[in-house]
Every structure is written in structure tokens, then in C-alpha cells.
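Chemist: File name data-v2.txt; file contents compact mmCIF, C-alpha atoms; full text below.
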# COMPACT_ATOMS: atom_id res chain seq x y z
CA MET A 1 77.11 139.36 119.29
CA THR A 2 74.32 138.25 117.04
CA MET A 3 75.14 135.12 115.09
CA GLU A 4 72.84 133.80 112.45
CA PHE A 5 73.29 132.94 108.83
CA ASP A 6 71.68 135.77 106.93
CA TYR A 7 70.58 134.39 103.55
CA MET A 8 69.13 137.75 102.59
CA ALA A 9 72.52 139.42 103.05
CA LEU A 10 74.14 136.81 100.83
CA ALA A 11 71.38 137.00 98.20
CA GLY A 12 71.37 140.81 98.21
CA GLY A 13 75.13 140.77 97.89
CA ALA A 14 74.89 138.46 94.88
CA MET A 15 72.41 140.90 93.31
CA ILE A 16 74.87 143.76 93.87
CA GLY A 17 77.65 141.72 92.29
CA ALA A 18 75.41 140.83 89.35
CA ALA A 19 74.46 144.49 88.86
CA ALA A 20 78.13 145.48 88.87
CA LEU A 21 78.81 142.74 86.33
CA VAL A 22 75.97 143.95 84.08
CA LEU A 23 77.50 147.44 84.04
CA TRP A 24 80.98 146.07 83.40
CA LEU A 25 80.07 143.63 80.60
CA GLY A 26 77.62 146.04 79.00
CA LEU A 27 79.37 149.38 79.28
CA GLY A 28 82.85 148.54 80.52
CA ARG A 29 82.30 150.68 83.58
CA ILE A 30 83.01 150.06 87.25
CA ALA A 31 79.93 150.31 89.49
CA GLY A 32 81.48 152.60 92.05
CA VAL A 33 78.57 154.64 93.34
CA SER A 34 80.60 157.51 94.82
CA GLY A 35 82.52 157.91 91.55
CA ILE A 36 79.33 157.74 89.51
CA ILE A 37 77.79 160.51 91.63
CA ALA A 38 80.92 162.68 91.73
CA ASN A 39 81.50 162.44 87.97
CA SER A 40 77.84 162.89 86.99
CA PRO A 41 78.32 166.57 85.97
CA ARG A 42 80.89 165.52 83.34
CA GLU A 43 80.06 165.15 79.67
CA GLY A 44 78.98 161.72 78.49
CA SER A 45 77.27 160.95 81.80
CA ALA A 46 73.93 159.73 80.50
CA TRP A 47 74.73 156.23 81.74
CA ARG A 48 75.65 157.63 85.18
CA TRP A 49 72.30 159.41 85.49
CA ALA A 50 70.52 156.27 84.29
CA PHE A 51 72.29 154.15 86.91
CA LEU A 52 71.48 156.64 89.68
CA LEU A 53 67.88 156.81 88.47
CA GLY A 54 67.76 153.01 88.79
CA LEU A 55 69.09 153.18 92.36
CA LEU A 56 66.51 155.81 93.20
CA GLY A 57 63.78 153.75 91.52
CA ALA A 58 64.66 150.77 93.71
CA GLY A 59 64.48 153.14 96.68
CA VAL A 60 61.01 154.39 95.70
CA VAL A 61 59.68 150.83 95.42
CA ALA A 62 61.31 149.79 98.72
CA SER A 63 60.10 152.92 100.42
CA LEU A 64 56.49 152.40 99.32
CA GLY A 65 56.75 148.87 100.66
CA GLY A 66 58.03 150.18 103.99
CA GLY A 67 61.44 148.64 103.39
CA ILE A 68 63.62 151.60 104.34
CA PRO A 69 63.86 152.07 108.11
CA ASP A 70 64.59 155.59 109.36
CA PRO A 71 68.19 156.35 110.37
CA THR A 72 69.10 155.72 113.99
CA LYS A 73 71.26 158.85 114.28
CA PRO A 74 69.95 162.43 114.57
CA THR A 75 69.90 164.69 111.52
CA GLY A 76 72.84 166.81 112.73
CA VAL A 77 75.06 163.74 112.84
CA MET A 78 73.78 162.67 109.42
CA LEU A 79 74.82 166.03 107.98
CA LEU A 80 78.35 165.78 109.37
CA ALA A 81 78.59 162.14 108.26
CA GLY A 82 77.40 162.98 104.75
CA LEU A 83 80.02 165.69 104.43
CA LEU A 84 82.78 163.29 105.53
CA VAL A 85 81.54 160.57 103.18
CA GLY A 86 81.44 163.04 100.29
CA ILE A 87 84.92 164.40 100.89
CA GLY A 88 86.42 161.03 101.80
CA THR A 89 85.11 159.08 98.83
CA VAL A 90 86.32 161.65 96.29
CA VAL A 91 89.75 162.03 97.92
CA GLY A 92 90.05 158.24 98.33
CA ASN A 93 88.63 157.50 94.85
CA GLY A 94 85.92 155.14 95.96
CA CYS A 95 83.59 153.62 98.51
CA THR A 96 82.14 150.28 99.57
CA SER A 97 81.03 149.47 96.01
CA GLY A 98 83.96 150.74 93.93
CA HIS A 99 86.76 149.62 96.22
CA GLY A 100 84.98 147.02 98.38
CA VAL A 101 83.15 145.05 95.70
CA CYS A 102 84.60 145.86 92.28
CA GLY A 103 88.14 146.65 93.43
CA ILE A 104 88.55 143.55 95.53
CA GLY A 105 86.77 141.62 92.77
CA ARG A 106 89.54 142.77 90.40
CA LEU A 107 92.12 141.78 93.03
CA SER A 108 93.35 145.37 93.24
CA LYS A 109 95.79 145.87 96.10
CA ARG A 110 94.89 149.56 96.24
CA SER A 111 91.20 148.77 96.73
CA LEU A 112 91.89 146.04 99.25
CA ILE A 113 93.88 148.49 101.35
CA ALA A 114 91.24 151.22 100.98
CA THR A 115 88.57 148.74 102.11
CA CYS A 116 90.59 147.71 105.16
CA VAL A 117 91.13 151.37 106.04
CA PHE A 118 87.48 152.43 105.85
CA MET A 119 86.33 149.31 107.65
CA ALA A 120 88.85 150.04 110.39
CA THR A 121 88.02 153.74 110.83
CA GLY A 122 84.31 152.85 110.61
CA GLY A 123 84.75 150.28 113.37
CA ILE A 124 86.77 152.67 115.53
CA THR A 125 84.15 155.41 115.04
CA VAL A 126 81.34 153.10 116.15
CA TRP A 127 83.47 151.97 119.10
CA ILE A 128 83.96 155.60 120.21
CA TRP A 129 80.64 157.03 119.16
CA GLY A 130 78.32 154.11 119.89
CA GLY A 131 76.50 151.60 117.74
CA ALA A 132 72.98 151.53 116.43
CA VAL A 133 71.29 152.98 119.50
CA MET B 1 69.83 154.61 74.25
CA ARG B 2 70.68 150.96 74.88
CA SER B 3 73.47 152.06 77.22
CA PHE B 4 70.95 154.14 79.12
CA VAL B 5 68.57 151.19 79.54
CA PHE B 6 71.45 148.88 80.52
CA ALA B 7 72.73 151.29 83.17
CA PHE B 8 69.22 151.90 84.46
CA LEU B 9 68.57 148.16 84.88
CA SER B 10 71.95 147.75 86.57
CA GLY B 11 71.02 150.57 88.96
CA ILE B 12 67.68 148.98 89.82
CA LEU B 13 69.28 145.59 90.45
CA PHE B 14 72.07 147.22 92.48
CA GLY B 15 69.56 149.19 94.55
CA ALA B 16 67.34 146.15 95.08
CA GLY B 17 70.41 144.23 96.23
CA LEU B 18 71.21 146.96 98.75
CA VAL B 19 67.66 146.82 100.13
CA VAL B 20 67.44 143.00 100.21
CA SER B 21 70.86 142.65 101.84
CA GLY B 22 70.12 145.14 104.61
CA MET B 23 72.65 147.77 103.57
CA THR B 24 69.91 150.41 103.58
CA ASP B 25 69.14 149.68 107.26
CA THR B 26 71.50 151.90 109.26
CA SER B 27 71.00 149.92 112.49
CA LYS B 28 72.19 146.77 110.71
CA VAL B 29 75.20 148.52 109.19
CA LEU B 30 76.18 150.07 112.52
CA ALA B 31 75.84 146.66 114.19
CA PHE B 32 78.18 145.26 111.54
CA LEU B 33 80.78 147.93 112.32
CA ASP B 34 80.26 147.49 116.08
CA VAL B 35 82.93 144.82 116.39
CA THR B 36 83.59 145.49 120.09
CA GLY B 37 79.89 145.72 121.01
CA ASP B 38 76.77 144.03 119.72
CA PHE B 39 78.54 142.79 116.61
CA ASN B 40 76.37 141.41 113.81
CA PRO B 41 78.64 139.96 111.12
CA ALA B 42 75.76 139.36 108.68
CA LEU B 43 76.77 142.15 106.34
CA ALA B 44 80.11 140.51 105.69
CA LEU B 45 77.99 138.09 103.65
CA VAL B 46 76.97 141.00 101.41
CA MET B 47 80.57 141.36 100.34
CA VAL B 48 80.98 137.60 100.03
CA GLY B 49 77.94 137.45 97.74
CA ALA B 50 78.89 140.51 95.70
CA ILE B 51 82.54 139.61 95.18
CA GLY B 52 81.56 135.97 94.65
CA VAL B 53 79.56 137.02 91.59
CA PHE B 54 81.67 139.93 90.32
CA LEU B 55 85.12 138.36 90.59
CA PRO B 56 84.61 135.35 88.28
CA GLY B 57 82.65 137.50 85.83
CA TYR B 58 85.39 140.10 85.77
CA PHE B 59 88.13 137.58 85.09
CA LEU B 60 86.05 135.85 82.40
CA SER B 61 85.53 139.28 80.79
CA ARG B 62 89.24 139.39 80.01
CA ARG B 63 88.51 137.09 77.11
CA LEU B 64 86.32 139.76 75.55
CA LYS B 65 87.84 142.43 73.33
CA LYS B 66 85.26 145.01 74.28
CA PRO B 67 82.03 145.41 76.26
CA LEU B 68 78.70 144.65 74.59
CA LEU B 69 77.68 148.27 74.08
CA THR B 70 80.83 150.42 74.15
CA GLN B 71 84.23 150.45 72.50
CA GLU B 72 86.42 149.61 75.47
CA PHE B 73 86.59 148.53 79.08
CA SER B 74 87.36 151.50 81.33
CA HIS B 75 89.85 149.89 83.67
CA PRO B 76 90.72 152.01 86.70
CA GLU B 77 94.20 153.32 85.99
CA LYS B 78 95.50 154.04 89.47
CA THR B 79 97.38 151.29 91.21
CA LEU B 80 99.50 153.32 93.63
CA VAL B 81 98.73 153.20 97.34
CA ASP B 82 99.14 156.90 98.15
CA THR B 83 98.28 159.39 100.86
CA PRO B 84 94.95 160.54 99.33
CA LEU B 85 93.80 156.92 99.20
CA ILE B 86 94.51 156.38 102.90
CA LEU B 87 93.33 159.81 104.02
CA GLY B 88 90.15 159.75 101.95
CA SER B 89 89.26 156.19 102.93
CA SER B 90 89.82 157.08 106.59
CA LEU B 91 87.45 160.06 106.40
CA PHE B 92 84.89 157.99 104.53
CA GLY B 93 85.06 155.31 107.22
CA VAL B 94 84.45 157.87 109.96
CA GLY B 95 81.38 159.22 108.13
CA TRP B 96 80.16 155.67 107.51
CA GLY B 97 80.64 154.77 111.18
CA LEU B 98 78.85 157.91 112.38
CA SER B 99 75.77 157.29 110.26
CA GLY B 100 75.67 153.75 108.92
CA VAL B 101 75.27 155.16 105.40
CA CYS B 102 77.64 154.79 102.44
CA PRO B 103 77.06 156.28 98.95
CA GLY B 104 74.95 153.50 97.37
CA PRO B 105 72.39 153.35 100.17
CA ALA B 106 72.57 157.17 100.38
CA VAL B 107 70.97 157.36 96.92
CA VAL B 108 68.44 154.58 97.57
CA ASN B 109 67.43 156.02 100.95
CA VAL B 110 66.61 159.55 99.76
CA ALA B 111 63.48 157.98 98.27
CA SER B 112 62.11 157.60 101.81
CA LEU B 113 62.16 161.43 102.08
CA ASN B 114 63.36 161.09 105.67
CA SER B 115 65.04 164.36 106.70
CA GLY B 116 68.13 162.57 108.04
CA PHE B 117 68.68 160.74 104.75
CA LEU B 118 67.96 163.87 102.70
CA GLY B 119 70.40 165.85 104.84
CA PHE B 120 73.05 163.16 104.48
CA PHE B 121 72.66 163.11 100.70
CA VAL B 122 72.87 166.89 100.29
CA ALA B 123 75.86 167.09 102.65
CA MET B 124 77.55 164.28 100.68
CA LEU B 125 77.09 166.20 97.42
CA ALA B 126 78.44 169.32 99.14
CA GLY B 127 81.51 167.39 100.31
CA MET B 128 82.13 166.08 96.81
CA ALA B 129 81.71 169.56 95.32
CA LEU B 130 84.11 170.99 97.88
CA VAL B 131 86.86 168.61 96.84
CA ALA B 132 86.15 169.25 93.17
CA LEU B 133 86.42 172.99 93.77
CA ALA B 134 89.64 172.56 95.71
CA ARG B 135 91.08 170.54 92.84
CA GLY B 136 89.96 173.04 90.25
CA ILE B 137 88.03 170.41 88.36
CA SER B 138 84.94 172.58 88.29
CA ALA B 139 86.83 175.23 86.34
CA ARG B 140 87.46 172.74 83.53
CA GLY B 141 84.04 171.15 83.80
CA GLY B 142 82.19 174.02 82.17
CA LEU B 143 81.33 176.40 84.99
CA PRO B 144 81.81 180.09 84.15
CA THR B 145 85.49 180.71 84.64
CA GLY B 146 86.69 184.13 83.48
CA PRO B 147 90.33 184.75 82.71
CA SER B 148 92.57 181.94 83.87
CA THR B 149 94.75 182.75 86.81
CA ARG B 150 96.46 179.38 86.85
CA ASN B 151 100.22 179.49 86.79
CA GLN B 152 101.49 178.04 83.53
CA HIS B 153 104.24 176.16 85.29
CA GLU B 154 101.86 174.49 87.68
CA PRO B 155 101.56 170.77 86.95
CA ALA B 156 98.19 169.59 85.68
CA LEU B 157 95.87 168.24 88.34
CA PRO B 158 95.23 164.52 88.21
CA GLU B 159 91.88 163.25 86.99
CA SER B 160 89.77 161.76 89.72
Kindly return the structure encoded in the file as C-alpha cells.
Modeler:
Amino acid sequence: MTMEFDYMALAGGAMIGAAALVLWLGLGRIAGVSGIIANSPREGSAWRWAFLLGLLGAGVVASLGGGIPDPTKPTGVMLLAGLLVGIGTVVGNGCTSGHGVCGIGRLSKRSLIATCVFMATGGITVWIWGGAV
Amino acid sequence: MRSFVFAFLSGILFGAGLVVSGMTDTSKVLAFLDVTGDFNPALALVMVGAIGVFLPGYFLSRRLKKPLLTQEFSHPEKTLVDTPLILGSSLFGVGWGLSGVCPGPAVVNVASLNSGFLGFFVAMLAGMALVALARGISARGGLPTGPSTRNQHEPALPES
């Protein structure tokens, strides 16, 4: 177990919370990334595309600065994982941002339970499948 | 246009937060989920930070009649804890645990053009499209449909 107080994690988290608040106060929308992606083909999605473009823009800057480490798992596993994440987040109506941050932030029981469930199955999967290496 | 700029800035800040916090580093995320192994609880602080900012802002927003740029707050309507919620969240957790990637970082990370991240992203879109097809949402979303074969007595599918 690695134990250190990670200020960057806390600061980055605060930025995520602030971003979600900007979207909520400005547009009255929940910053649930899976929902924003899944609903992007709908009409009236200009804001969804703009948000995703912003995410991608942050990725481009980080990537140019060498800030995005390669995945630790092989591409085959990434494909299977992506499929499960895609299916799971649409069926379960949300992911780490929509349920985990905004849902819990709204004190939604539904989101709290969803978060506990995906944390648990995520933990069990890592336990069975192996961690970062 | 102002909505577009607002959402874009929110996306940049959100993405920057994911990078700064370490959520885009799959080894860090997997170490966070590795509670029985080399557990690194640091990412719990991401949620502490995010909820710590969003929660008070959200509850203060109840004093506002409407958002700054639109006519109303789009509150999530579902409150029921149902089977799809549990099933979907379970599947999502398995995918997250296999890869260390959830949807936010999935979008940020495609910018690195790494084949694993690109594959994850495309597979995630495919998974989402699969569910949409199964639910028949695509038929109402403007894809070419042809004559409807839907049974009139069939109850309407819920909005996602």
C-alpha cells in the first residue's frame, strides 16, 4: 500500500468539481461524460460537442506535454473493456462523473448505490485480473 | 453561441482536472482499485475534491430560478434503484477494472493517439450504439427507418 497525501489528486478533483459546476450553473446540465457522449447524436447537442471538444483539447495539450502515459493493459483487453464501459454506462445511466461526482454531489441515493457498485466490481476485477502490471 | 463557449470551457477545465488528478494514468487508477494488492488510495481524493466543490455549489443553485444561459435546470428525473442501474454499473465497473479507463479519461486519452486508447474509445462508442440499437432509440433519432414494425400496444421505451 502506497500512502501519501496527493495534493494533485485533490486539486485535480476540485477542478473537475468546478467544471461540473460551470456546466450546471451556466446550462443547467449534469456533467456526466458517458451521458454526454451517448446522447451526442440527439438534436440540440451543440453544447455536448463543445464539452467533448474541450475534453479533447485538454488531452491534446496534455499529450503534447507528455502528460498521458500509455495504458498498462494490452490493446485486446482495452477493446473488451471499452465495450463493457460503453454498454454498462448506458444501461446504468452514468459513470464516475455523472453518478460519482454529480450524483453524489446532489445526494442522490441512486447515484450513491451505482458508485458503490462500480467501485466494487472494479475492485473485484482488479483483484481477479491483476493490478497495474 | 455563449452556451457553446461555456460548455467548451467546462470541458477544458474538466479534462485538465482529469489530467492533473491522475485519472488519465491507468496505472494510478488500477492501483486505486487494487484494494487487496498495492493499494494507492490517492484517487479517493479526486472524488473528495470534486464533490467538495460541486455539492455546495449545487445546493446554492437551488436559490436560482434558472441557469445563466438556458431556461431551466435539467434535473435527472430517475430516482429508482432498479435492475438496469445495478447491472449497468456492474458491467461498467468490470470494464473500468480491466483497463483503468472510464469515459472522461477515455475522451482525453484519445488525444495521445495510442492504439490501446483509440481502441478503447471506439469499442466504448460501439457498446453505447449497441444498447441504443437494442432499445430502438436509433429508430427515433433520425436514422433511416422504413415502415414501422413496432407493435402499437407495446409500451414506449424509456428515455435514457
Chemist: Leaving out stretch 24-35 of chain B and any residue of its chain fewer than 3 positions from it, which residues lie within 6 Å of it when counting all atoms listed in the file, given as a list in words?
Modeler: Pro69, Pro71, Gly123, Val126, Gly131 and Ala132 of chain A; Val19, Phe39, Asn40, Pro41, Gly100 and Pro105 of chain B
Chemist: Taking every listed atom of stretch 26-38 of chain B and adding 6 Å to each side, what centre and edge lengths in Å (one decimal) does the axis-aligned box have, as lines of an AutoDock Vina configuration file?
Modeler:
center_x = 77.3
center_y = 148.0
center_z = 115.1
size_x = 24.6
size_y = 19.9
size_z = 23.8
Chemist: Using only C-alpha atoms for the distances, tell me which of B:Leu98, B:Val5, B:Leu130, B:Met124 is nearest to B:Val110.
Modeler: B:Met124
Chemist: Could you jot down the atom CA of A:Met15 to atom CA of B:Ile51 separation for me, Å, one decimal place?
Modeler: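 Computed distance, atom CA of A:Met15 to atom CA of B:Ile51, equals 10.4 Å.
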Chemist: Within 9 Å of stretch 87-93 of chain A, which residues of stretch 12-92 of chain B show up? Give each one with its shortest atom-to-atom distance in Å (one decimal) and the two atoms involved, counting only C-alpha atoms, rows by chain then rising residue number, as CSV.
Modeler:
residue,atom,partner,partner_atom,distance
B:Thr83,CA,A:Gly92,CA,8.7
B:Pro84,CA,A:Gly92,CA,5.5
B:Leu85,CA,A:Gly92,CA,4.1
B:Ile86,CA,A:Gly92,CA,6.7
B:Leu87,CA,A:Gly92,CA,6.8
B:Gly88,CA,A:Gly92,CA,3.9
B:Ser89,CA,A:Gly92,CA,5.1
B:Ser90,CA,A:Gly88,CA,7.1
B:Leu91,CA,A:Gly88,CA,4.8
B:Phe92,CA,A:Gly88,CA,4.4
Chemist: What is the distance between atom CA of A:Trp24 and atom CA of B:Leu55, in Å to one decimal?
Modeler: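 Taking atom CA of A:Trp24 as the start and atom CA of B:Leu55 as the end point, the length is 11.3 Å.
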Chemist: So how far away is atom CA of A:Phe5 from atom CA of A:Gly122, in Å?
Modeler: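 Distance between the two atoms: 22.8 Å.
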Chemist: Would you mind telling me which residue in A:Gly65, A:Gly76, A:Gly32, A:Gly17 lies nearest to chain B when using all atoms listed in the file?
Modeler: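 When distances to chain B are compared using all atoms listed in the file, the smallest one comes from A:Gly17.
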Chemist: Taking into account all atoms listed in the file, which residue in the set B:Leu118, B:Gln71, B:Asp82, B:Phe8 is nearest to chain A?
Modeler: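 That would be B:Phe8, the residue with the smallest distance to chain A.
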Chemist: For chain A, which residue out of B:Arg63, B:Lys78, B:Ala7, B:Ala106 is the nearest one, using only C-alpha atoms?
Modeler: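 Distance minimum relative to chain A lands on B:Ala7.
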Chemist: Tell me which of B:Ser21, B:Ala126, B:Thr36, B:Lys66 sits closest to B:Gly49, counting all atoms listed in the file.
Modeler: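 Answer, going by the shortest atom-to-atom distance: B:Ser21.
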Chemist: Could you check the closest approach to chain B for each of A:Gly103, A:Ala31, A:Ser40, A:Gly54 and tell me which residue wins, using all atoms listed in the file?
Modeler: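 Closest candidate: A:Gly54.
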Chemist: Report the closest atom pair, with its distance in Å rounded to one decimal, for each residue of chain A that has an atom no farther than 6 Å from chain B; count all atoms listed in the file, sort by chain and then rising residue number, and write it as a tab-separated table.
Modeler:
residue	atom	partner	partner_atom	distance
A:Met1	CA	B:Phe39	CA	4.6
A:Thr2	CA	B:Asn40	CA	5.0
A:Asp6	CA	B:Ala42	CA	5.7
A:Met8	CA	B:Ser21	CA	5.3
A:Ala9	CA	B:Ser21	CA	3.8
A:Leu10	CA	B:Gly49	CA	4.9
A:Gly12	CA	B:Gly17	CA	4.1
A:Gly13	CA	B:Val46	CA	4.0
A:Ala14	CA	B:Gly49	CA	4.3
A:Met15	CA	B:Gly17	CA	4.9
A:Ile16	CA	B:Phe14	CA	4.7
A:Gly17	CA	B:Ala50	CA	3.8
A:Ala19	CA	B:Ser10	CA	4.7
A:Leu21	CA	B:Phe54	CA	5.7
A:Leu25	CA	B:Pro67	CA	5.1
A:Gly26	CA	B:Leu68	CA	4.7
A:Leu27	CA	B:Thr70	CA	5.4
A:Gly28	CA	B:Phe73	CA	4.0
A:Arg29	CA	B:Ser74	CA	5.6
A:Val33	CA	B:Gly104	CA	5.5
A:Ser34	CA	B:Pro103	CA	5.6
A:Trp47	CA	B:Phe4	CA	5.1
A:Ala50	CA	B:Phe8	CA	4.6
A:Phe51	CA	B:Gly11	CA	4.3
A:Gly54	CA	B:Gly11	CA	4.1
A:Leu55	CA	B:Gly15	CA	4.6
A:Leu56	CA	B:Val108	CA	4.9
A:Ala58	CA	B:Gly15	CA	5.2
A:Gly59	CA	B:Val108	CA	4.3
A:Val60	CA	B:Ala111	CA	5.1
A:Ser63	CA	B:Ser112	CA	5.3
A:Pro69	CA	B:Asp25	CA	5.9
A:Pro71	CA	B:Thr26	CA	5.7
A:Thr75	CA	B:Gly116	CA	4.4
A:Met78	CA	B:Phe120	CA	5.0
A:Leu79	CA	B:Phe120	CA	4.9
A:Ala81	CA	B:Gly95	CA	4.0
A:Gly82	CA	B:Met124	CA	4.3
A:Leu83	CA	B:Gly127	CA	4.7
A:Leu84	CA	B:Gly95	CA	5.0
A:Val85	CA	B:Phe92	CA	4.4
A:Gly86	CA	B:Met124	CA	4.1
A:Ile87	CA	B:Gly127	CA	4.6
A:Gly88	CA	B:Gly88	CA	3.9
A:Thr89	CA	B:Phe92	CA	5.8
A:Val91	CA	B:Gly88	CA	4.6
A:Gly92	CA	B:Gly88	CA	3.9
A:Val101	CA	B:Ile51	CA	5.5
A:Gly105	CA	B:Leu55	CA	4.3
A:Arg110	CA	B:Val81	CA	5.4
A:Ala114	CA	B:Ser89	CA	5.7
A:Val117	CA	B:Ser90	CA	5.9
A:Phe118	CA	B:Gly93	CA	4.0
A:Thr121	CA	B:Gly93	CA	4.9
A:Gly122	CA	B:Gly97	CA	4.2
A:Gly123	CA	B:Leu33	CA	4.7
A:Thr125	CA	B:Gly97	CA	5.3
A:Val126	CA	B:Gly97	CA	5.3
A:Gly131	CA	B:Leu30	CA	5.4
A:Ala132	CA	B:Ser27	CA	4.7
Chemist: Could you dump the residues just selected with C-alpha atoms as a compact mmCIF listing (two decimals), keeping the file's coordinate frame?
Modeler:
# COMPACT_ATOMS: atom_id res chain seq x y z
CA MET A 1 77.11 139.36 119.29
CA THR A 2 74.32 138.25 117.04
CA ASP A 6 71.68 135.77 106.93
CA MET A 8 69.13 137.75 102.59
CA ALA A 9 72.52 139.42 103.05
CA LEU A 10 74.14 136.81 100.83
CA GLY A 12 71.37 140.81 98.21
CA GLY A 13 75.13 140.77 97.89
CA ALA A 14 74.89 138.46 94.88
CA MET A 15 72.41 140.90 93.31
CA ILE A 16 74.87 143.76 93.87
CA GLY A 17 77.65 141.72 92.29
CA ALA A 19 74.46 144.49 88.86
CA LEU A 21 78.81 142.74 86.33
CA LEU A 25 80.07 143.63 80.60
CA GLY A 26 77.62 146.04 79.00
CA LEU A 27 79.37 149.38 79.28
CA GLY A 28 82.85 148.54 80.52
CA ARG A 29 82.30 150.68 83.58
CA VAL A 33 78.57 154.64 93.34
CA SER A 34 80.60 157.51 94.82
CA TRP A 47 74.73 156.23 81.74
CA ALA A 50 70.52 156.27 84.29
CA PHE A 51 72.29 154.15 86.91
CA GLY A 54 67.76 153.01 88.79
CA LEU A 55 69.09 153.18 92.36
CA LEU A 56 66.51 155.81 93.20
CA ALA A 58 64.66 150.77 93.71
CA GLY A 59 64.48 153.14 96.68
CA VAL A 60 61.01 154.39 95.70
CA SER A 63 60.10 152.92 100.42
CA PRO A 69 63.86 152.07 108.11
CA PRO A 71 68.19 156.35 110.37
CA THR A 75 69.90 164.69 111.52
CA MET A 78 73.78 162.67 109.42
CA LEU A 79 74.82 166.03 107.98
CA ALA A 81 78.59 162.14 108.26
CA GLY A 82 77.40 162.98 104.75
CA LEU A 83 80.02 165.69 104.43
CA LEU A 84 82.78 163.29 105.53
CA VAL A 85 81.54 160.57 103.18
CA GLY A 86 81.44 163.04 100.29
CA ILE A 87 84.92 164.40 100.89
CA GLY A 88 86.42 161.03 101.80
CA THR A 89 85.11 159.08 98.83
CA VAL A 91 89.75 162.03 97.92
CA GLY A 92 90.05 158.24 98.33
CA VAL A 101 83.15 145.05 95.70
CA GLY A 105 86.77 141.62 92.77
CA ARG A 110 94.89 149.56 96.24
CA ALA A 114 91.24 151.22 100.98
CA VAL A 117 91.13 151.37 106.04
CA PHE A 118 87.48 152.43 105.85
CA THR A 121 88.02 153.74 110.83
CA GLY A 122 84.31 152.85 110.61
CA GLY A 123 84.75 150.28 113.37
CA THR A 125 84.15 155.41 115.04
CA VAL A 126 81.34 153.10 116.15
CA GLY A 131 76.50 151.60 117.74
CA ALA A 132 72.98 151.53 116.43
Chemist: For stretch 35-46 of chain A, which lacks atoms in the input, supply N, CA, C and O atoms and format the output as an mmCIF file, keeping the file's coordinate frame.
Modeler:
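That gives us rebuild24.cif:
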data_model
loop_
_atom_site.group_PDB
_atom_site.id
_atom_site.type_symbol
_atom_site.label_atom_id
_atom_site.label_comp_id
_atom_site.auth_asym_id
_atom_site.auth_seq_id
_atom_site.Cartn_x
_atom_site.Cartn_y
_atom_site.Cartn_z
ATOM 1 N N GLY A 35 81.930 157.374 92.780
ATOM 2 C CA GLY A 35 82.520 157.910 91.550
ATOM 3 C C GLY A 35 81.462 158.284 90.530
ATOM 4 O O GLY A 35 81.587 159.290 89.834
ATOM 5 N N ILE A 36 80.415 157.463 90.455
ATOM 6 C CA ILE A 36 79.330 157.740 89.510
ATOM 7 C C ILE A 36 78.634 159.049 89.892
ATOM 8 O O ILE A 36 78.344 159.882 89.033
ATOM 9 N N ILE A 37 78.416 159.251 91.185
ATOM 10 C CA ILE A 37 77.790 160.510 91.630
ATOM 11 C C ILE A 37 78.728 161.685 91.360
ATOM 12 O O ILE A 37 78.346 162.695 90.763
ATOM 13 N N ALA A 38 79.972 161.556 91.805
ATOM 14 C CA ALA A 38 80.920 162.680 91.730
ATOM 15 C C ALA A 38 81.199 163.089 90.287
ATOM 16 O O ALA A 38 81.430 164.261 90.006
ATOM 17 N N ASN A 39 81.185 162.130 89.370
ATOM 18 C CA ASN A 39 81.500 162.440 87.970
ATOM 19 C C ASN A 39 80.256 162.720 87.132
ATOM 20 O O ASN A 39 80.366 162.954 85.920
ATOM 21 N N SER A 40 79.073 162.706 87.758
ATOM 22 C CA SER A 40 77.840 162.890 86.990
ATOM 23 C C SER A 40 77.736 164.244 86.274
ATOM 24 O O SER A 40 77.036 164.331 85.266
ATOM 25 N N PRO A 41 78.404 165.328 86.750
ATOM 26 C CA PRO A 41 78.320 166.570 85.970
ATOM 27 C C PRO A 41 79.154 166.542 84.683
ATOM 28 O O PRO A 41 79.021 167.425 83.840
ATOM 29 N N ARG A 42 80.050 165.564 84.539
ATOM 30 C CA ARG A 42 80.890 165.520 83.340
ATOM 31 C C ARG A 42 80.077 165.226 82.086
ATOM 32 O O ARG A 42 78.974 164.712 82.154
ATOM 33 N N GLU A 43 80.701 165.500 80.943
ATOM 34 C CA GLU A 43 80.060 165.150 79.670
ATOM 35 C C GLU A 43 80.019 163.632 79.523
ATOM 36 O O GLU A 43 80.840 162.923 80.086
ATOM 37 N N GLY A 44 79.083 163.157 78.735
ATOM 38 C CA GLY A 44 78.980 161.720 78.490
ATOM 39 C C GLY A 44 78.522 160.943 79.711
ATOM 40 O O GLY A 44 78.919 159.804 79.927
ATOM 41 N N SER A 45 77.697 161.577 80.548
ATOM 42 C CA SER A 45 77.270 160.950 81.800
ATOM 43 C C SER A 45 75.870 160.380 81.764
ATOM 44 O O SER A 45 75.321 160.053 82.814
ATOM 45 N N ALA A 46 75.309 160.249 80.578
ATOM 46 C CA ALA A 46 73.930 159.730 80.500
ATOM 47 C C ALA A 46 73.802 158.409 81.246
ATOM 48 O O ALA A 46 72.840 158.187 81.984
#
